[in-house]
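Asker: Submitted below is the structure of interest, expressed as structure tokens.
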Amino acid sequence: MAEYRLLTYRDGNKPVAGVLVGDHVYPAAALLRGVGVDASSVKALLGTWTKTHGALAKAAGKVKPANGKPLKRVKLLAPVLYPDGLFCAGANYWDHMEEMARAQGRTVDRSTRPDGPWFFLKTSTHSIIGPDVPAKLPARSRQVDWEAELGVVIGKTVRNLPVEHALSAVAGYTIVNDLSARDLMVRKDRPPVMAYDWIGQKCFDDASPMGPWITPAAFLKNAGNLSIKLWVNGVLKQNSNTNQLIHNIAEQVSWLSEQLTLRPGDVIATGTPAGVGMPRGEFLKKGDIVKIEIEGCGTLVNRMA
């Protein structure tokens, strides 16, 4: 059994499910020949995750670099093309809640935790792009903010999972940048009940850079204690840890599974820590380079276009 990462890469004009072992990429179909699973895409592999993961871990221990491609010569795409659901947790890091409260002259009492997580949806095919792809800033906004987030990738069909069993549904983890158009957040032309525009501020082309790959859950000892960092043009902006999550990963998966059926390939963006631009009046502009690193999950880089 050997460690590997699951990814999608471009072969000509075709997206292909791939496996990263060391610094070489191998077609998943080649490593799974004779196993009897659908290896046509990462999403298909997630549909048979229990069987697929064991077979890939076994195959990863036997690969030869000569049969793969060097990672630096491979064009990576977003790891899942495309999730049926992209669920995003809002206000789910204590340090982020505190920085936003300070900007409004308020304080946060950590002893009073919300009863459950709070989610919004982002579009999938419209918004998701892969690593090293320019992210087009929306023409209607002048205040696009960065948000580094740990993405949870679902690996089985589940409904009504109790918290103590929720992590059994997690295939692995990736990185998500939840780009947010802050100046499109409030609609002053609407009554208060309609004031917050979650489509306008969160759903636009290229709003969810994702990647570079999926780290299987078996290879992350504790997803609740991972370093998470983001740089803009080489300047460190976010520097936190997933131990600042208000509602942990198991709680988020369980809560969502009570609302609807989670399916293989679904992605949960678990919230962003302190260090976003809005409290400081800093926003992204054309040419800015955003780099995110999450411990064990790789590095996601995108230039704003």
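How things are named: the first chain in the structure tokens is A, the next is B, and so on; residues count from 1 in each chain; ligands count from 1 in the order shown.
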Could you give me, as JSON lines, every segment 151-216 of chain A residue with an atom at most 7 Å from segment 28-52 of chain A, plus its closest atom pair and distance in Å to one decimal, counting only C-alpha atoms, rows ordered by chain then number?

Answerer:
```
{"residue": "A:Gly155", "atom": "CA", "partner": "A:Leu46", "partner_atom": "CA", "distance": 5.1}
{"residue": "A:Lys156", "atom": "CA", "partner": "A:Gly47", "partner_atom": "CA", "distance": 6.3}
{"residue": "A:Ala171", "atom": "CA", "partner": "A:Trp49", "partner_atom": "CA", "distance": 7.0}
```

Asker: Where does DSSP see strand (DSSP E or B) in segment 105-174 of chain A, if you list the residues as a list in words?

Answerer: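 Those residues are Phe119, Phe120, Leu121, Lys122, Ile128, Ile129, Ala135, Val144, Asp145, Ala148, Glu149, Leu150, Gly151, Val152, Val153, Ile154, Val158, Val170, Ala171, Gly172, Tyr173 and Thr174 of chain A.
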
Asker: Selection from above, N, CA and C atoms, as a compact mmCIF listing (two decimals), in the first residue's frame, can you write it?

Answerer:
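The result, written out as part-v8.txt:
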```txt
# COMPACT_ATOMS: atom_id res chain seq x y z
N PHE A 119 -25.09 27.02 5.35
CA PHE A 119 -24.55 26.80 4.02
C PHE A 119 -25.23 27.64 2.96
N PHE A 120 -24.47 27.92 1.91
CA PHE A 120 -25.03 28.43 0.66
C PHE A 120 -24.48 27.55 -0.46
N LEU A 121 -25.05 27.70 -1.64
CA LEU A 121 -24.62 26.91 -2.80
C LEU A 121 -23.85 27.77 -3.77
N LYS A 122 -22.86 27.16 -4.44
CA LYS A 122 -22.21 27.80 -5.58
C LYS A 122 -22.45 26.91 -6.80
N ILE A 128 -16.37 26.42 -11.30
CA ILE A 128 -15.17 25.67 -10.96
C ILE A 128 -14.14 25.71 -12.08
N ILE A 129 -12.94 26.11 -11.72
CA ILE A 129 -11.80 26.04 -12.62
C ILE A 129 -10.65 25.35 -11.87
N ALA A 135 -8.48 33.28 -13.51
CA ALA A 135 -9.84 33.44 -12.99
C ALA A 135 -10.35 34.81 -13.39
N VAL A 144 -13.77 42.02 -5.31
CA VAL A 144 -13.69 40.56 -5.24
C VAL A 144 -12.65 40.18 -4.18
N ASP A 145 -13.07 39.33 -3.26
CA ASP A 145 -12.26 38.93 -2.12
C ASP A 145 -11.82 37.48 -2.29
N ALA A 148 -9.58 31.20 1.25
CA ALA A 148 -8.98 29.86 1.23
C ALA A 148 -9.84 28.91 2.05
N GLU A 149 -10.16 27.75 1.47
CA GLU A 149 -11.03 26.80 2.18
C GLU A 149 -10.60 25.35 1.93
N LEU A 150 -10.73 24.54 2.96
CA LEU A 150 -10.56 23.10 2.82
C LEU A 150 -11.82 22.52 2.21
N GLY A 151 -11.65 21.80 1.09
CA GLY A 151 -12.79 21.16 0.43
C GLY A 151 -12.88 19.69 0.81
N VAL A 152 -14.06 19.26 1.21
CA VAL A 152 -14.32 17.87 1.55
C VAL A 152 -15.00 17.20 0.35
N VAL A 153 -14.44 16.08 -0.11
CA VAL A 153 -14.98 15.38 -1.27
C VAL A 153 -15.70 14.12 -0.80
N ILE A 154 -16.97 14.01 -1.17
CA ILE A 154 -17.80 12.89 -0.74
C ILE A 154 -17.53 11.65 -1.60
N VAL A 158 -25.09 9.00 0.73
CA VAL A 158 -25.49 8.91 2.13
C VAL A 158 -26.65 9.85 2.43
N VAL A 170 -16.48 10.53 3.64
CA VAL A 170 -15.46 11.41 3.06
C VAL A 170 -14.41 10.59 2.32
N ALA A 171 -14.29 10.84 1.01
CA ALA A 171 -13.24 10.18 0.23
C ALA A 171 -11.91 10.89 0.40
N GLY A 172 -11.93 12.21 0.46
CA GLY A 172 -10.68 12.94 0.57
C GLY A 172 -10.89 14.43 0.64
N TYR A 173 -9.79 15.17 0.44
CA TYR A 173 -9.79 16.61 0.65
C TYR A 173 -9.07 17.33 -0.49
N THR A 174 -9.52 18.54 -0.77
CA THR A 174 -8.90 19.37 -1.79
C THR A 174 -8.90 20.81 -1.32
```

Asker: So how many Å separate atom CA of Leu256 of chain A and atom CA of Asn160 of chain A, to one decimal?

Answerer: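 Here the two named atoms are 8.3 Å from each other.
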
Asker: Dump as a Markdown table the rows for residues of segment 6-109 of chain A within 10 Å of segment 221-243 of chain A: closest atom pair and distance in Å with one decimal, only C-alpha atoms counted, ordered by chain and rising residue number.

Answerer:
```
| residue | atom | partner | partner_atom | distance |
| --- | --- | --- | --- | --- |
| A:Tyr93 | CA | A:Thr242 | CA | 8.1 |
| A:Trp94 | CA | A:Asn243 | CA | 9.3 |
| A:Asp95 | CA | A:Ser240 | CA | 8.3 |
| A:His96 | CA | A:Ser240 | CA | 9.6 |
```

Asker: For Phe283 of chain A, which residue out of A:Asp197, A:Glu258, A:Asp189, A:Asp183 is the nearest one, using only C-alpha atoms?

Answerer: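 Closest to Phe283 of chain A, using only C-alpha atoms: A:Asp183.
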
Asker: Looking at only C-alpha atoms, which of A:Ala305, A:Ser257, A:Ala66, A:Pro15 is the one that sits closest to Ala166 of chain A?

Answerer: A:Ser257

Asker: Give the alpha helix (DSSP H) residues of segment 19-223 of chain A, as DSSP finds them on the backbone, and put them as an NGL selection string.

Answerer: :A and (28-31 or 42-46 or 49-60 or 94-103 or 198-202)

Asker: Looking at only C-alpha atoms, which of A:Val290, A:Val163, A:Met185, A:Val253 is the one that sits closest to Gln143 of chain A?

Answerer: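 Checking each candidate against Gln143 of chain A, we get A:Met185 as the closest.
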
Asker: Of the candidates A:Leu161, A:Ala169, A:Ala60, A:Ala103, which shows the shortest atom-to-atom distance to Asp266 of chain A, using only C-alpha atoms?

Answerer: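 Looking only at the distances to Asp266 of chain A, the closest residue turns out to be A:Ala169.
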
Asker: Give the answer as one residue: which of A:Met304, A:Ala250, A:Met278, A:Val21 has the shortest atom-to-atom distance to Leu56 of chain A, using only C-alpha atoms?

Answerer: A:Val21

Asker: Per residue of segment 38-84 of chain A within 10 Å of segment 213-220 of chain A, note the shortest atom pair and the distance in Å to one decimal, counting only C-alpha atoms, and order the rows by chain and increasing residue number, as a tab-separated table.

Answerer:
```
residue	atom	partner	partner_atom	distance
A:Val42	CA	A:Ile214	CA	9.6
A:His53	CA	A:Pro216	CA	8.1
A:Ala57	CA	A:Pro216	CA	9.9
A:Leu76	CA	A:Trp213	CA	8.4
A:Leu77	CA	A:Trp213	CA	8.7
A:Ala78	CA	A:Trp213	CA	7.4
A:Pro79	CA	A:Trp213	CA	5.2
A:Val80	CA	A:Trp213	CA	8.7
```

Asker: Could the residues in this selection be saved with N, CA and C atoms as a PDB file, in the first residue's frame?

Answerer:
```
ATOM      1  N   VAL A  42     -12.779  10.971 -12.491  1.00  0.00           N
ATOM      2  CA  VAL A  42     -12.631  10.949 -11.037  1.00  0.00           C
ATOM      3  C   VAL A  42     -13.991  10.785 -10.373  1.00  0.00           C
ATOM      4  N   HIS A  53     -10.259   2.880  -3.855  1.00  0.00           N
ATOM      5  CA  HIS A  53      -9.146   3.371  -3.041  1.00  0.00           C
ATOM      6  C   HIS A  53      -8.158   2.252  -2.708  1.00  0.00           C
ATOM      7  N   ALA A  57      -4.265   2.280  -3.946  1.00  0.00           N
ATOM      8  CA  ALA A  57      -3.171   2.270  -2.969  1.00  0.00           C
ATOM      9  C   ALA A  57      -2.239   1.089  -3.204  1.00  0.00           C
ATOM     10  N   LEU A  76      -3.029  20.049 -15.266  1.00  0.00           N
ATOM     11  CA  LEU A  76      -4.059  19.647 -14.320  1.00  0.00           C
ATOM     12  C   LEU A  76      -5.338  20.445 -14.528  1.00  0.00           C
ATOM     13  N   LEU A  77      -6.465  19.770 -14.354  1.00  0.00           N
ATOM     14  CA  LEU A  77      -7.784  20.391 -14.355  1.00  0.00           C
ATOM     15  C   LEU A  77      -8.324  20.340 -12.929  1.00  0.00           C
ATOM     16  N   ALA A  78      -9.496  20.899 -12.712  1.00  0.00           N
ATOM     17  CA  ALA A  78     -10.125  20.739 -11.404  1.00  0.00           C
ATOM     18  C   ALA A  78     -10.284  19.246 -11.136  1.00  0.00           C
ATOM     19  N   PRO A  79     -10.081  18.792  -9.909  1.00  0.00           N
ATOM     20  CA  PRO A  79     -10.050  17.346  -9.657  1.00  0.00           C
ATOM     21  C   PRO A  79     -11.359  16.622  -9.920  1.00  0.00           C
ATOM     22  N   VAL A  80     -12.514  17.282  -9.705  1.00  0.00           N
ATOM     23  CA  VAL A  80     -13.812  16.662  -9.971  1.00  0.00           C
ATOM     24  C   VAL A  80     -14.529  17.469 -11.042  1.00  0.00           C
TER      25      VAL A  80
END
```

Asker: Give me, please, the distance in Å between atom CA of Gly211 of chain A and atom CA of Ile175 of chain A, quoted to one decimal.

Answerer: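 If I compute the distance from atom CA of Gly211 of chain A to atom CA of Ile175 of chain A, I get 5.3 Å.
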
Asker: Atom CA of Val276 of chain A to atom CA of Arg140 of chain A: how many Å, to one decimal?

Answerer: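 Answer for the atom CA of Val276 of chain A to atom CA of Arg140 of chain A separation: 20.1 Å.
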